[in-house]
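Quick look at entry.cif (mmCIF, C-alpha atoms):
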```cif
data_coords
loop_
_atom_site.label_atom_id
_atom_site.label_comp_id
_atom_site.auth_asym_id
_atom_site.auth_seq_id
_atom_site.Cartn_x
_atom_site.Cartn_y
_atom_site.Cartn_z
CA MET A 709 33.26 -115.35 -23.98
CA SER A 710 36.74 -113.87 -24.51
CA SER A 711 37.53 -110.53 -22.86
CA SER A 712 37.63 -108.82 -26.28
CA GLN A 713 34.17 -110.25 -27.04
CA GLN A 714 33.03 -108.89 -23.68
CA ARG A 715 34.48 -105.49 -24.53
CA ARG A 716 32.77 -105.49 -27.90
CA GLY A 717 29.51 -106.49 -26.23
CA ARG A 718 29.85 -103.69 -23.72
CA HIS A 719 30.67 -101.24 -26.51
CA ARG A 720 27.57 -102.28 -28.37
CA ALA A 721 25.39 -101.91 -25.29
CA ASP A 722 27.00 -98.53 -24.60
CA GLY A 723 26.27 -97.42 -28.15
CA THR A 724 22.65 -98.53 -27.90
CA LYS A 725 22.11 -96.77 -24.58
CA ARG A 726 23.79 -93.63 -25.92
CA ALA A 727 21.49 -93.68 -28.97
CA GLU A 728 18.48 -94.16 -26.67
CA ILE A 729 19.51 -91.17 -24.57
CA LEU A 730 19.95 -89.02 -27.68
CA ALA A 731 16.56 -90.06 -29.02
CA ALA A 732 14.80 -89.42 -25.69
CA ALA A 733 16.53 -86.05 -25.26
CA THR A 734 15.62 -85.02 -28.83
CA GLU A 735 11.95 -85.79 -28.19
CA ARG A 736 11.96 -83.89 -24.87
CA PHE A 737 13.89 -80.88 -26.20
CA GLY A 738 11.72 -80.74 -29.31
CA ARG A 739 8.46 -81.02 -27.39
CA ASP A 740 9.10 -79.14 -24.14
CA GLY A 741 12.09 -76.99 -25.06
CA TYR A 742 15.72 -77.45 -24.12
CA GLU A 743 15.80 -75.13 -21.14
CA THR A 744 12.70 -76.59 -19.47
CA THR A 745 13.76 -80.21 -19.87
CA LYS A 746 15.27 -81.77 -16.76
CA TRP A 747 18.30 -84.01 -17.24
CA ALA A 748 16.70 -86.40 -14.73
CA ALA A 749 13.59 -86.74 -16.92
CA ILE A 750 15.74 -87.99 -19.80
CA ALA A 751 17.43 -90.45 -17.43
CA ALA A 752 14.00 -91.72 -16.37
CA ASP A 753 12.86 -92.07 -20.01
CA VAL A 754 15.69 -94.48 -20.78
CA GLY A 755 15.69 -96.21 -17.39
CA VAL A 756 19.11 -95.17 -16.09
CA GLY A 757 19.96 -93.14 -13.00
CA PRO A 758 21.00 -89.51 -13.47
CA THR A 759 24.53 -90.44 -12.42
CA ALA A 760 24.77 -93.17 -15.07
CA LEU A 761 23.79 -90.54 -17.64
CA TYR A 762 27.12 -88.80 -16.95
CA HIS A 763 28.91 -91.86 -18.26
CA TYR A 764 27.61 -90.86 -21.71
CA PHE A 765 27.33 -87.09 -21.57
CA GLU A 766 28.98 -84.59 -19.29
CA SER A 767 25.86 -82.43 -19.11
CA LYS A 768 22.55 -81.62 -20.74
CA GLN A 769 24.41 -79.04 -22.80
CA HIS A 770 26.95 -81.62 -23.98
CA CYS A 771 24.07 -83.88 -25.04
CA LEU A 772 22.44 -80.95 -26.90
CA PHE A 773 25.62 -80.26 -28.88
CA VAL A 774 25.78 -83.91 -29.92
CA ILE A 775 22.13 -83.77 -31.05
CA LEU A 776 22.77 -80.59 -33.06
CA ASP A 777 25.84 -82.15 -34.63
CA ASP A 778 23.93 -85.34 -35.50
CA ALA A 779 21.23 -83.28 -37.23
CA VAL A 780 23.74 -81.36 -39.34
CA GLN A 781 25.84 -84.49 -39.97
CA MET A 782 22.81 -86.32 -41.38
CA ALA A 783 21.92 -83.35 -43.60
CA LEU A 784 25.52 -83.03 -44.80
CA ALA A 785 25.92 -86.77 -45.53
CA ARG A 786 22.73 -86.78 -47.58
CA PHE A 787 23.74 -83.60 -49.39
CA GLU A 788 27.20 -84.95 -50.23
CA GLY A 789 25.79 -88.29 -51.34
CA ILE A 790 23.49 -86.57 -53.83
CA ALA A 791 26.13 -84.08 -55.02
CA ALA A 792 28.59 -86.94 -55.63
CA THR A 793 26.15 -88.99 -57.71
CA HIS A 794 24.82 -86.17 -59.94
CA GLU A 795 27.23 -84.62 -62.41
CA ASP A 796 24.74 -81.97 -63.45
CA PRO A 797 24.65 -79.36 -60.65
CA VAL A 798 21.08 -78.35 -61.59
CA GLN A 799 19.88 -81.92 -61.17
CA ALA A 800 21.80 -82.15 -57.90
CA LEU A 801 20.18 -78.93 -56.61
CA HIS A 802 16.71 -80.25 -57.44
CA LYS A 803 17.51 -83.49 -55.64
CA VAL A 804 18.95 -81.96 -52.47
CA VAL A 805 16.02 -79.57 -52.13
CA ALA A 806 13.49 -82.41 -52.50
CA ASP A 807 15.51 -84.67 -50.20
CA ALA A 808 15.56 -82.04 -47.44
CA PHE A 809 11.82 -82.62 -46.93
CA ASP A 810 12.06 -86.40 -46.86
CA VAL A 811 12.03 -86.47 -43.06
CA THR A 812 10.58 -88.68 -40.33
CA SER A 813 8.77 -87.29 -37.26
CA HIS A 814 11.96 -87.86 -35.27
CA ASP A 815 14.00 -85.93 -37.87
CA VAL A 816 11.48 -83.09 -37.54
CA GLN A 817 11.97 -83.00 -33.76
CA ARG A 818 15.73 -82.90 -34.26
CA LEU A 819 15.40 -80.08 -36.80
CA ARG A 820 13.16 -78.20 -34.36
CA VAL A 821 15.85 -78.50 -31.68
CA LEU A 822 18.53 -77.41 -34.17
CA VAL A 823 16.60 -74.35 -35.26
CA ALA A 824 15.58 -73.37 -31.71
CA GLU A 825 18.99 -73.89 -30.10
CA HIS A 826 21.56 -73.26 -32.82
CA GLY A 827 22.30 -69.91 -31.10
CA LEU A 828 24.03 -71.81 -28.28
CA LEU A 829 26.68 -72.96 -30.78
CA ALA A 830 28.01 -69.39 -30.77
CA VAL A 831 28.55 -69.33 -27.01
CA ARG A 832 31.92 -70.50 -25.63
CA ARG A 833 31.78 -73.14 -22.84
CA SER A 834 34.19 -73.43 -19.93
CA SER A 835 34.07 -77.25 -19.79
CA PRO A 836 36.61 -78.71 -22.28
CA ARG A 837 34.31 -81.59 -23.23
CA GLU A 838 31.34 -79.30 -23.89
CA GLU A 839 33.60 -76.90 -25.75
CA GLU A 840 34.91 -79.69 -27.95
CA ALA A 841 31.39 -80.88 -28.80
CA ARG A 842 30.38 -77.30 -29.54
CA HIS A 843 33.35 -76.88 -31.92
CA VAL A 844 32.54 -80.09 -33.76
CA ALA A 845 28.89 -79.10 -34.26
CA ARG A 846 29.80 -75.58 -35.26
CA ALA A 847 32.38 -76.74 -37.82
CA ARG A 848 29.81 -79.13 -39.28
CA THR A 849 27.28 -76.31 -39.66
CA ARG A 850 29.91 -74.33 -41.60
CA ALA A 851 30.71 -77.41 -43.71
CA LEU A 852 27.05 -77.75 -44.71
CA GLU A 853 26.88 -74.06 -45.64
CA LEU A 854 30.08 -74.40 -47.70
CA ALA A 855 28.83 -77.56 -49.44
CA TRP A 856 25.73 -75.62 -50.49
CA ALA A 857 27.80 -72.62 -51.60
CA HIS A 858 30.07 -74.91 -53.63
CA LEU A 859 27.19 -76.62 -55.44
CA LEU A 860 25.54 -73.25 -56.14
CA GLU A 861 28.83 -71.98 -57.55
CA GLN A 862 29.08 -75.03 -59.81
CA ALA A 863 25.64 -74.19 -61.20
CA MET A 864 26.59 -70.52 -61.63
CA GLU A 865 29.74 -71.24 -63.67
CA PRO A 866 27.99 -72.54 -66.81
CA GLY A 867 25.24 -69.94 -66.28
CA ALA A 868 22.63 -72.53 -65.24
CA ILE A 869 21.55 -70.21 -62.41
CA PRO A 870 22.04 -66.43 -62.06
CA ASP A 871 25.30 -65.19 -60.57
CA ALA A 872 25.21 -64.29 -56.90
CA GLU A 873 27.48 -64.35 -53.87
CA PRO A 874 27.41 -68.15 -53.31
CA ARG A 875 27.86 -68.06 -49.51
CA MET A 876 25.10 -65.49 -49.04
CA LEU A 877 22.77 -67.40 -51.38
CA ALA A 878 23.53 -70.63 -49.48
CA ARG A 879 22.65 -68.88 -46.21
CA ALA A 880 19.42 -67.53 -47.70
CA VAL A 881 18.33 -70.96 -48.99
CA LEU A 882 19.21 -72.62 -45.66
CA GLY A 883 17.57 -69.76 -43.75
CA LEU A 884 14.32 -70.23 -45.65
CA TYR A 885 14.51 -74.00 -45.19
CA ASN A 886 15.28 -73.88 -41.48
CA SER A 887 12.42 -71.49 -40.82
CA VAL A 888 9.97 -74.29 -41.65
CA TRP A 889 10.93 -76.17 -38.48
CA GLN A 890 10.14 -73.18 -36.30
CA TRP A 891 6.44 -73.60 -36.88
CA TYR A 892 5.76 -76.93 -38.60
CA ARG A 893 4.37 -79.63 -36.29
CA PRO A 894 3.83 -83.26 -37.30
CA HIS A 895 0.07 -83.93 -37.15
CA GLY A 896 -0.53 -80.15 -37.16
CA ALA A 897 -2.98 -78.19 -39.32
CA ILE A 898 -0.78 -78.29 -42.44
CA GLU A 899 0.41 -81.58 -43.95
CA LEU A 900 4.13 -82.06 -44.58
CA ASP A 901 3.39 -82.63 -48.28
CA ALA A 902 1.83 -79.18 -48.63
CA VAL A 903 4.68 -77.57 -46.70
CA SER A 904 7.23 -79.45 -48.78
CA ASP A 905 5.63 -78.44 -52.12
CA PHE A 906 5.41 -74.82 -51.08
CA TYR A 907 8.94 -74.49 -49.72
CA ARG A 908 10.63 -76.66 -52.34
CA THR A 909 9.28 -74.41 -55.11
CA ARG A 910 10.36 -71.26 -53.21
CA MET A 911 13.83 -72.58 -52.44
CA LEU A 912 14.35 -73.36 -56.13
CA GLU A 913 13.04 -69.91 -57.11
CA LEU A 914 15.46 -68.33 -54.65
CA ILE A 915 18.27 -70.24 -56.37
CA GLY A 916 16.91 -69.19 -59.75
CA LEU A 917 15.56 -72.52 -60.95
CA PRO A 918 12.09 -73.44 -62.21
CA ALA A 919 10.31 -75.89 -59.92
CA ASP A 920 9.96 -78.35 -62.80
CA LEU A 921 13.18 -80.24 -63.63
CA ASP A 922 12.19 -80.82 -67.30
CA GLU A 923 11.62 -77.12 -67.72
CA ALA A 924 15.02 -76.55 -66.14
CA ARG A 925 16.66 -78.96 -68.56
CA ALA A 926 15.00 -77.35 -71.60
CA ALA A 927 16.14 -73.85 -70.57
CA MET B 177 7.84 -29.36 -5.68
CA SER B 178 4.36 -30.80 -5.15
CA SER B 179 4.05 -34.49 -4.38
CA SER B 180 2.44 -35.13 -7.78
CA GLN B 181 5.39 -33.40 -9.46
CA GLN B 182 7.70 -35.58 -7.41
CA ARG B 183 5.78 -38.65 -8.49
CA ARG B 184 5.95 -37.64 -12.13
CA GLY B 185 9.68 -37.00 -11.78
CA ARG B 186 10.18 -40.40 -10.23
CA HIS B 187 8.11 -42.02 -12.99
CA ARG B 188 10.27 -40.35 -15.60
CA ALA B 189 13.48 -41.44 -13.87
CA ASP B 190 12.05 -44.97 -13.58
CA GLY B 191 11.27 -44.99 -17.29
CA THR B 192 14.77 -43.83 -18.16
CA LYS B 193 16.45 -46.40 -15.93
CA ARG B 194 14.20 -49.13 -17.36
CA ALA B 195 15.13 -48.11 -20.91
CA GLU B 196 18.81 -48.12 -19.90
CA ILE B 197 18.50 -51.63 -18.49
CA LEU B 198 16.77 -52.85 -21.66
CA ALA B 199 19.45 -51.26 -23.87
CA ALA B 200 22.31 -52.72 -21.79
CA ALA B 201 20.69 -56.17 -21.69
CA THR B 202 20.08 -56.12 -25.46
CA GLU B 203 23.76 -55.34 -26.11
CA ARG B 204 24.92 -58.08 -23.71
CA PHE B 205 22.46 -60.71 -24.97
CA GLY B 206 23.25 -59.85 -28.59
CA ARG B 207 27.02 -59.92 -28.09
CA ASP B 208 27.58 -62.68 -25.49
CA GLY B 209 24.35 -64.68 -25.75
CA TYR B 210 21.39 -64.67 -23.39
CA GLU B 211 22.33 -67.73 -21.38
CA THR B 212 25.91 -66.63 -20.71
CA THR B 213 24.98 -63.10 -19.64
CA LYS B 214 24.87 -62.56 -15.88
CA TRP B 215 22.02 -60.47 -14.50
CA ALA B 216 24.61 -58.78 -12.23
CA ALA B 217 26.64 -57.66 -15.27
CA ILE B 218 23.63 -55.78 -16.63
CA ALA B 219 23.12 -54.18 -13.22
CA ALA B 220 26.77 -53.06 -13.24
CA ASP B 221 26.43 -51.64 -16.79
CA VAL B 222 23.67 -49.29 -15.72
CA GLY B 223 25.07 -48.59 -12.25
CA VAL B 224 22.37 -50.16 -10.07
CA GLY B 225 22.67 -52.99 -7.59
CA PRO B 226 21.32 -56.42 -8.61
CA THR B 227 18.54 -56.01 -6.05
CA ALA B 228 17.46 -52.65 -7.53
CA LEU B 229 17.20 -54.40 -10.91
CA TYR B 230 14.30 -56.44 -9.52
CA HIS B 231 12.33 -53.23 -9.13
CA TYR B 232 12.15 -53.16 -12.94
CA PHE B 233 12.22 -56.81 -13.96
CA GLU B 234 11.45 -59.94 -12.03
CA SER B 235 14.26 -61.88 -13.68
CA LYS B 236 16.63 -62.02 -16.62
CA GLN B 237 13.96 -64.03 -18.45
CA HIS B 238 11.32 -61.37 -17.78
CA CYS B 239 13.70 -58.75 -19.18
CA LEU B 240 14.32 -60.94 -22.26
CA PHE B 241 10.57 -61.24 -22.98
CA VAL B 242 10.24 -57.44 -22.80
CA ILE B 243 13.14 -57.06 -25.25
CA LEU B 244 11.60 -59.58 -27.65
CA ASP B 245 8.25 -57.82 -27.42
CA ASP B 246 9.88 -54.42 -28.03
CA ALA B 247 11.59 -55.77 -31.16
CA VAL B 248 8.35 -57.15 -32.59
CA GLN B 249 6.35 -54.10 -31.47
CA MET B 250 8.70 -51.78 -33.36
CA ALA B 251 8.51 -53.96 -36.48
CA LEU B 252 4.71 -54.12 -36.24
CA ALA B 253 4.29 -50.36 -35.69
CA ARG B 254 6.44 -49.60 -38.72
CA PHE B 255 4.62 -52.21 -40.80
CA GLU B 256 1.20 -50.86 -39.85
CA GLY B 257 2.27 -47.27 -40.44
CA ILE B 258 3.33 -48.12 -43.98
CA ALA B 259 0.29 -50.31 -44.70
CA ALA B 260 -2.04 -47.52 -43.50
CA THR B 261 -0.49 -44.85 -45.72
CA HIS B 262 -0.28 -46.87 -48.96
CA GLU B 263 -3.53 -47.80 -50.64
CA ASP B 264 -1.80 -49.93 -53.24
CA PRO B 265 -0.78 -53.21 -51.54
CA VAL B 266 2.07 -53.71 -54.03
CA GLN B 267 3.55 -50.35 -53.12
CA ALA B 268 3.05 -51.12 -49.45
CA LEU B 269 4.85 -54.47 -49.83
CA HIS B 270 7.81 -52.79 -51.54
CA LYS B 271 7.95 -50.23 -48.74
CA VAL B 272 7.75 -52.65 -45.83
CA VAL B 273 10.44 -54.88 -47.32
CA ALA B 274 12.79 -51.90 -47.83
CA ASP B 275 11.95 -50.49 -44.40
CA ALA B 276 12.81 -53.78 -42.69
CA PHE B 277 16.49 -53.17 -43.53
CA ASP B 278 16.51 -49.57 -42.33
CA VAL B 279 17.99 -50.55 -38.97
CA THR B 280 20.50 -49.12 -36.50
CA SER B 281 23.28 -51.19 -34.88
CA HIS B 282 21.15 -51.39 -31.75
CA ASP B 283 18.16 -52.63 -33.79
CA VAL B 284 20.44 -55.31 -35.24
CA GLN B 285 21.44 -56.47 -31.76
CA ARG B 286 17.78 -56.64 -30.79
CA LEU B 287 16.94 -58.62 -33.94
CA ARG B 288 19.83 -60.99 -33.17
CA VAL B 289 18.40 -61.57 -29.70
CA LEU B 290 14.92 -62.08 -31.16
CA VAL B 291 16.11 -64.61 -33.70
CA ALA B 292 18.36 -66.48 -31.25
CA GLU B 293 15.87 -66.62 -28.35
CA HIS B 294 12.41 -66.62 -29.94
CA GLY B 295 12.21 -70.33 -29.08
CA LEU B 296 11.80 -69.40 -25.41
CA LEU B 297 8.47 -67.76 -26.27
CA ALA B 298 7.06 -71.27 -26.74
CA VAL B 299 8.00 -72.40 -23.24
CA ARG B 300 5.51 -71.86 -20.41
CA ARG B 301 6.86 -70.10 -17.26
CA SER B 302 5.77 -70.77 -13.71
CA SER B 303 6.14 -67.15 -12.57
CA PRO B 304 2.93 -65.19 -13.35
CA ARG B 305 4.85 -62.03 -14.27
CA GLU B 306 7.19 -63.86 -16.66
CA GLU B 307 4.28 -65.79 -18.08
CA GLU B 308 2.37 -62.57 -18.74
CA ALA B 309 5.36 -60.99 -20.51
CA ARG B 310 5.77 -64.17 -22.55
CA HIS B 311 2.11 -64.07 -23.60
CA VAL B 312 2.33 -60.44 -24.64
CA ALA B 313 5.44 -61.03 -26.76
CA ARG B 314 4.01 -64.18 -28.28
CA ALA B 315 0.73 -62.51 -29.22
CA ARG B 316 2.65 -59.65 -30.82
CA THR B 317 4.67 -62.12 -32.91
CA ARG B 318 1.41 -63.61 -34.15
CA ALA B 319 0.03 -60.13 -34.85
CA LEU B 320 3.03 -59.31 -37.05
CA GLU B 321 2.61 -62.58 -38.95
CA LEU B 322 -1.10 -61.87 -39.44
CA ALA B 323 -0.43 -58.28 -40.57
CA TRP B 324 1.91 -59.67 -43.23
CA ALA B 325 -0.60 -62.35 -44.24
CA HIS B 326 -3.35 -59.73 -44.51
CA LEU B 327 -1.28 -57.42 -46.75
CA LEU B 328 -0.23 -60.35 -48.94
CA GLU B 329 -3.87 -61.38 -49.26
CA GLN B 330 -4.80 -57.83 -50.30
CA ALA B 331 -2.23 -58.06 -53.09
CA MET B 332 -3.48 -61.51 -54.12
CA GLU B 333 -7.11 -60.45 -54.50
CA PRO B 334 -6.65 -58.23 -57.58
CA GLY B 335 -4.05 -60.71 -58.89
CA ALA B 336 -1.10 -58.36 -58.25
CA ILE B 337 0.86 -61.30 -56.82
CA PRO B 338 0.34 -65.05 -57.40
CA ASP B 339 -2.16 -66.84 -55.17
CA ALA B 340 -0.72 -68.74 -52.23
CA GLU B 341 -1.66 -69.64 -48.68
CA PRO B 342 -1.16 -66.14 -47.17
CA ARG B 343 -0.12 -67.29 -43.67
CA MET B 344 2.46 -69.75 -45.04
CA LEU B 345 3.82 -67.13 -47.45
CA ALA B 346 4.02 -64.61 -44.60
CA ARG B 347 5.99 -67.13 -42.55
CA ALA B 348 8.33 -67.84 -45.47
CA VAL B 349 9.03 -64.14 -46.07
CA LEU B 350 9.59 -63.53 -42.35
CA GLY B 351 11.69 -66.71 -42.09
CA LEU B 352 13.97 -65.55 -44.88
CA TYR B 353 14.19 -62.07 -43.36
CA ASN B 354 14.89 -63.26 -39.82
CA SER B 355 17.65 -65.58 -41.01
CA VAL B 356 19.74 -62.51 -41.90
CA TRP B 357 20.20 -61.63 -38.24
CA GLN B 358 21.58 -65.05 -37.44
CA TRP B 359 24.80 -64.29 -39.27
CA TYR B 360 24.94 -60.59 -40.12
CA ARG B 361 27.29 -58.55 -37.89
CA PRO B 362 27.57 -54.76 -37.97
CA HIS B 363 31.15 -53.94 -39.09
CA GLY B 364 31.48 -57.55 -40.36
CA ALA B 365 32.80 -58.70 -43.76
CA ILE B 366 29.56 -57.85 -45.63
CA GLU B 367 28.08 -54.34 -45.57
CA LEU B 368 24.44 -53.92 -44.57
CA ASP B 369 23.73 -52.29 -47.96
CA ALA B 370 24.84 -55.43 -49.82
CA VAL B 371 22.84 -57.66 -47.47
CA SER B 372 19.81 -55.42 -47.81
CA ASP B 373 19.96 -55.36 -51.65
CA PHE B 374 20.34 -59.12 -51.81
CA TYR B 375 17.58 -60.02 -49.34
CA ARG B 376 15.16 -57.29 -50.39
CA THR B 377 15.20 -58.60 -53.96
CA ARG B 378 14.78 -62.21 -52.76
CA MET B 379 11.94 -61.37 -50.38
CA LEU B 380 10.10 -59.62 -53.21
CA GLU B 381 10.73 -62.58 -55.54
CA LEU B 382 9.35 -64.90 -52.88
CA ILE B 383 6.22 -62.76 -52.78
CA GLY B 384 6.11 -62.77 -56.57
CA LEU B 385 7.05 -59.14 -57.22
CA PRO B 386 9.84 -57.75 -59.41
CA ALA B 387 12.50 -55.92 -57.39
CA ASP B 388 11.83 -52.76 -59.38
CA LEU B 389 8.67 -50.89 -58.36
CA ASP B 390 8.20 -49.26 -61.81
CA GLU B 391 8.38 -52.68 -63.41
CA ALA B 392 5.80 -53.86 -60.89
CA ARG B 393 3.50 -50.96 -61.74
CA ALA B 394 3.77 -51.61 -65.48
CA ALA B 395 2.90 -55.31 -65.05
#
```

Kindly transcribe the structure held in the file into structure tokens.
Amino acid sequence: MSSSQQRRGRHRADGTKRAEILAAATERFGRDGYETTKWAAIAADVGVGPTALYHYFESKQHCLFVILDDAVQMALARFEGIAATHEDPVQALHKVVADAFDVTSHDVQRLRVLVAEHGLLAVRRSSPREEEARHVARARTRALELAWAHLLEQAMEPGAIPDAEPRMLARAVLGLYNSVWQWYRPHGAIELDAVSDFYRTRMLELIGLPADLDEARAA
Amino acid sequence: MSSSQQRRGRHRADGTKRAEILAAATERFGRDGYETTKWAAIAADVGVGPTALYHYFESKQHCLFVILDDAVQMALARFEGIAATHEDPVQALHKVVADAFDVTSHDVQRLRVLVAEHGLLAVRRSSPREEEARHVARARTRALELAWAHLLEQAMEPGAIPDAEPRMLARAVLGLYNSVWQWYRPHGAIELDAVSDFYRTRMLELIGLPADLDEARAA
């Protein structure tokens, strides 16, 4: 094996271990809460020593910021993918709202962590590495809000939805959406399908769209 | 002064100091974040030593739970007062939604703390005193949700608002409302009046009521 092959191999192993740590931390934070979770417990979950963990993340907080950023990054990538492939902003809005509920159990845990701990994104850190991760996650949260505001504005221009302050409407729609993950539990009393139907309709109403896309097209 | 007068005087002074600590902590938590705030800084704000602070609260976390409970208790008392004095559930719903935005700057700070830190209510504490305060605040949060669900159900029965799962609708309305305090800042770019108008209308729409009470009565 050449030394560059070795490096690539090590990079790949590093990336896998990093992903394992993020997944384990997400499950712990989502289930037991961020504050309660011990850094050492995450290390044990993935079979590395607590010291080895510091090779990947400077601290539990650093790891949290990366998890929050991953959650928003996934949401933003999906949003932008849909917005880019639908010329009609009304169709795009219907799609992004439906897509937001197409989530795995692991996604739900990550959304729970995001909703429970997003407040920490507002708090400056003294460690440069933590502070950088916080900035990245915070900027991404703003980017998602702006992407929503932009799409809403595109639907307002031809009068497809009622005029409103786009940024405030984006925040309201995201606020309603995020609130689901405060209480929804996979395998809980209410099925995700029922939650999704209920909230999808209400998010569209908030935007000013009928829940039925054909009805929306006819109007 | 008799010894019972002395005791009463001390009780009063204790109550005042406790209220001062809660007010100072709310401002600090709301402005700088709960995690960042030092217990000693709160002590300095109210002019007591950190040790004296422990006479009132076992820990910063204990103090936080009391603040969260106070926030929900105030909301619940106002909600119940309105519900009790309005026979018509539609009128009561209009009133409670409007009343929810009749808040002082200090109320806003408290709501910010509630929204940012409510996740901690889900996390069991090992200290009995903290755990008790957590239980009280958590039960009160449930009581507010149930009070909303009950009023919504009362409006559903005569068909004044569309049928829905009352608890889920209550959570959606509260979720939309609470999201305001994640981003709204007193003296920020958007006036409270504009925020209130926007969200009041959307909360009523979510419930299935027109924003105008006369229109609602006619329907």

query: From the set A:Ala748, A:Ser813, A:Leu829, A:Thr849, which residue has the shortest atom-to-atom contact distance to Glu735 of chain A, counting only C-alpha atoms?
result: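 Closest to Glu735 of chain A, using only C-alpha atoms: A:Ser813.
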
- request: Starting from the point (26.9, -64.9, -49.9), work out which residues of protein, DNA or RNA have an atom no more than 10 Å away when counting all atoms listed in the file; state them as a ChimeraX atom specification.
  value: /A:857,872-880 /B:366,370-371,374

message: Suppose a student applies the PyMOL selection byres ((chain B and resi 239) around 10) to this structure; what residues should they get, written as a PyMOL selection string?
response: chain B and resi 194+197-198+201-202+215+229-230+232-238+240-245+306+309

field: atom CA of Ala292 of chain B to atom CA of Phe737 of chain A, distance in Å rounded to a single decimal
entry: 15.9 Å

message: Using only C-alpha atoms, can you tell me which of A:Leu828, A:Ala868, A:Val780, A:Leu819 comes closest to chain B?
response: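 Under the stated criterion, the closest residue is A:Leu828.
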
- prompt: Nearest to Leu252 of chain B among B:Arg286, B:Arg361, B:His311, B:Arg318, with distances taken over all atoms listed in the file: which residue is it?
  reply: B:Arg318

message: Applying 10 Å and only C-alpha atoms, which residues near Arg204 of chain B remain after dropping the ones on its own chain fewer than 5 positions away? List them as a ChimeraX atom specification.
response: /B:198-199,209-210,212-215,217-218,221,285,289

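Residues matched by the PyMOL selection byres ((chain A) within 6 of (chain B)) in this file: A:Ala824, A:Gly827, A:Gly883, A:Leu884, A:Ser887.
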
I need the residues from that last selection saved to file as a short mmCIF file (atom, residue, chain, number, x, y, z; two decimals), in the frame of the given file (with C-alpha atoms), if you can.
```cif
data_model
loop_
_atom_site.label_atom_id
_atom_site.label_comp_id
_atom_site.auth_asym_id
_atom_site.auth_seq_id
_atom_site.Cartn_x
_atom_site.Cartn_y
_atom_site.Cartn_z
CA ALA A 824 15.58 -73.37 -31.71
CA GLY A 827 22.30 -69.91 -31.10
CA GLY A 883 17.57 -69.76 -43.75
CA LEU A 884 14.32 -70.23 -45.65
CA SER A 887 12.42 -71.49 -40.82
#
```

- prompt: Near Ala783 of chain A, counting only C-alpha atoms, which residues have an atom at most 10 Å away, once you skip same-chain residues fewer than 3 positions from it, shown as a PyMOL selection string?
  reply: chain A and resi 777-780+786-789+804+807-808+819+848-849+852

Separation of atom CA of Phe809 of chain A from atom CA of Arg908 of chain A, in Å and rounded to one decimal: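 Result for atom CA of Phe809 of chain A versus atom CA of Arg908 of chain A: 8.1 Å, one decimal.
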
- prompt: Mind pulling up the distance from atom CA of Ala387 of chain B to atom CA of Leu860 of chain A?
  reply: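 For atom CA of Leu860 of chain A relative to atom CA of Ala387 of chain B, the distance reads 21.7 Å.
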
Test item: axis-aligned box, all listed atoms of segment 829-841 of chain A, 5 Å on each side, centre and edges in Å rounded to one decimal, as AutoDock Vina command-line options:
```
--center_x 31.6 --center_y -75.5 --center_z -25.3 --size_x 19.9 --size_y 22.3 --size_z 21.0
```

Would you mind writing segment 379-388 of chain B with N, CA and C atoms, as a compact mmCIF listing (two decimals), in the coordinates of the input?
```
# COMPACT_ATOMS: atom_id res chain seq x y z
N MET B 379 13.23 -61.38 -51.08
CA MET B 379 11.94 -61.37 -50.38
C MET B 379 10.82 -60.99 -51.35
N LEU B 380 11.11 -60.02 -52.22
CA LEU B 380 10.10 -59.62 -53.21
C LEU B 380 9.84 -60.75 -54.20
N GLU B 381 10.89 -61.43 -54.63
CA GLU B 381 10.73 -62.58 -55.54
C GLU B 381 9.86 -63.66 -54.90
N LEU B 382 10.12 -63.89 -53.62
CA LEU B 382 9.35 -64.90 -52.88
C LEU B 382 7.86 -64.55 -52.90
N ILE B 383 7.59 -63.25 -52.76
CA ILE B 383 6.22 -62.76 -52.78
C ILE B 383 5.64 -62.85 -54.20
N GLY B 384 6.54 -62.74 -55.18
CA GLY B 384 6.11 -62.77 -56.57
C GLY B 384 6.10 -61.40 -57.21
N LEU B 385 6.96 -60.51 -56.71
CA LEU B 385 7.05 -59.14 -57.22
C LEU B 385 8.44 -58.89 -57.81
N PRO B 386 8.51 -58.15 -58.92
CA PRO B 386 9.84 -57.75 -59.41
C PRO B 386 10.46 -56.77 -58.40
N ALA B 387 11.80 -56.76 -58.36
CA ALA B 387 12.50 -55.92 -57.39
C ALA B 387 12.31 -54.43 -57.69
N ASP B 388 11.97 -54.15 -58.96
CA ASP B 388 11.83 -52.76 -59.38
C ASP B 388 10.36 -52.36 -59.33
```
